[in-house]
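Below is one structure, written out as structure tokens; the observations come after it.
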Amino acid sequence: MLSALISYMLQFRYNFYRKMFIKTLEEITIKDISTVGGKAASLGELTQLGIPVPSGFVVTAQAFTKPPPNFEKEILKAFADLKVSRVAVRSSAIVEDGKKSSWAGQLESYLNVFRRDLIQRVKVCHVSIYSKRALAYAIDKGIPKDQMLVAVIVQRMIPSKVSGVMFTANPVDNNYKQIMIEAAFGLGESLVQGRVTPDCYVVEKDTLKIMLVPNNKEISEVTIPKKTQNKATLTNRQVLEITKLGIKIENHFQTPQDIEWAIDRENKIWILQSRPVTTLV
């Protein structure tokens, strides 16, 4: 009887401390931003909202301050629980993704990470907060050193057939009544890094009328499969499905959002990230 009680108490203590430094997205809300960062807190909110977000977990910022025993083993265990072979690993700064500023592009992220490289990628994402560009950004934005903390998100990797970004207010002309969607074949990194010219769609929020058709331009650096070269990246139905997700997300956060999304090989739409648009007037 005593041994069973001791075993229970030890397991309870273990679970308590583990949740202090590893949290699943299902456990996270915006209230956890001080431990998981803005990017992860947003993903947790979307998960709670029922938005299709790839499953994953977060290594909290506090875990890196004073790593608990078996730190790396616990990360690998959480990875095993995802039951996938590849993941995306992304930084999530504590002071991140406000209405006037964003860490976008300042910190490290990795796609298609296998188990053998996971710990190293997690560590690199964490220390990227101390890179020259991150430090310069922090100085420019007046971010105190004691707030330069970063958590790390590990999520199931989506094999994207099409991916892109969506602005729930048109940033070209500051039109809050329109949604702008940019889409390209393959992973979103090519679009973000400017290696492809995306198809662009503008949708009226009130009527869901699609205002702009794709342009189908491409850059020679990227090889697009022949069967897709003369096709639009999205069907009208997909444009509207993405638009409706964007409206739901904007309504939840009560401010225009900059959203990354992807469509997998089974044509399911996934939301990968959402943060406030910082370029609107």
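Chains: A, B, ... in order of the structure tokens. Residues: from 1 per chain. Ligands: from 1, in order shown.
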
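Residues lying within 8 Å of A:Lys161, counting only C-alpha atoms and ignoring same-chain neighbours fewer than 3 positions away, are Phe185, Gly186, Leu187, Ala262, Ile263, Asp264, Arg265 and Asn267 of chain A.
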
Taking C-alpha atoms for each residue, export the selection above as a JSON list (two decimals), in the first residue's frame.
[["chain", "number", "residue", "atom", "x", "y", "z"],
["A", 185, "PHE", "CA", 2.81, 25.06, -55.26],
["A", 186, "GLY", "CA", 4.92, 23.19, -52.68],
["A", 187, "LEU", "CA", 6.21, 24.39, -49.31],
["A", 262, "ALA", "CA", -1.03, 24.73, -46.38],
["A", 263, "ILE", "CA", -3.03, 22.15, -48.32],
["A", 264, "ASP", "CA", -1.83, 18.55, -48.01],
["A", 265, "ARG", "CA", -1.95, 15.76, -50.58],
["A", 267, "ASN", "CA", -6.60, 18.37, -50.09]]

Which residues are close to A:Glu250, i.e. within 10 Å by only C-alpha atoms, leaving aside same-chain residues fewer than 5 positions away? Reply as a list in words. Phe167, Thr168, Ala169, Lys244, Leu245, Thr255, Pro256, Gln257, Asp258, Ile259, Ser274, Arg275 and Pro276 of chain A

Generate a file of the selected residues that holds C-alpha atoms, formatted as an mmCIF file, in the first residue's frame.
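The file below, out-v8.cif, is the result:
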data_model
loop_
_atom_site.group_PDB
_atom_site.id
_atom_site.type_symbol
_atom_site.label_atom_id
_atom_site.label_comp_id
_atom_site.auth_asym_id
_atom_site.auth_seq_id
_atom_site.Cartn_x
_atom_site.Cartn_y
_atom_site.Cartn_z
ATOM 1 C CA PHE A 167 -4.008 38.677 -44.866
ATOM 2 C CA THR A 168 -7.459 39.229 -43.388
ATOM 3 C CA ALA A 169 -7.191 42.888 -44.335
ATOM 4 C CA LYS A 244 -13.821 31.485 -44.108
ATOM 5 C CA LEU A 245 -11.055 30.185 -41.837
ATOM 6 C CA THR A 255 -7.668 42.208 -35.194
ATOM 7 C CA PRO A 256 -6.524 41.568 -38.801
ATOM 8 C CA GLN A 257 -4.296 38.512 -39.078
ATOM 9 C CA ASP A 258 -1.294 37.446 -41.175
ATOM 10 C CA ILE A 259 -1.889 33.695 -41.576
ATOM 11 C CA SER A 274 -1.390 33.352 -37.276
ATOM 12 C CA ARG A 275 -0.160 36.722 -36.061
ATOM 13 C CA PRO A 276 -1.428 40.328 -36.234
#

Contacts of A:Ile247 at 8 Å or less, counting only C-alpha atoms, minus same-chain residues fewer than 4 places along, as a list in words?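 So, after excluding close chain neighbours, the residues are Thr168, Lys205, Thr243 and Asn251 of chain A.
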
Find the residues around A:Val152 up to 7 Å (only C-alpha atoms counted), leave out those fewer than 6 positions away in its own chain, and share them as a VMD selection string. chain A and resid 58 to 60 89 to 92 122 125 to 126
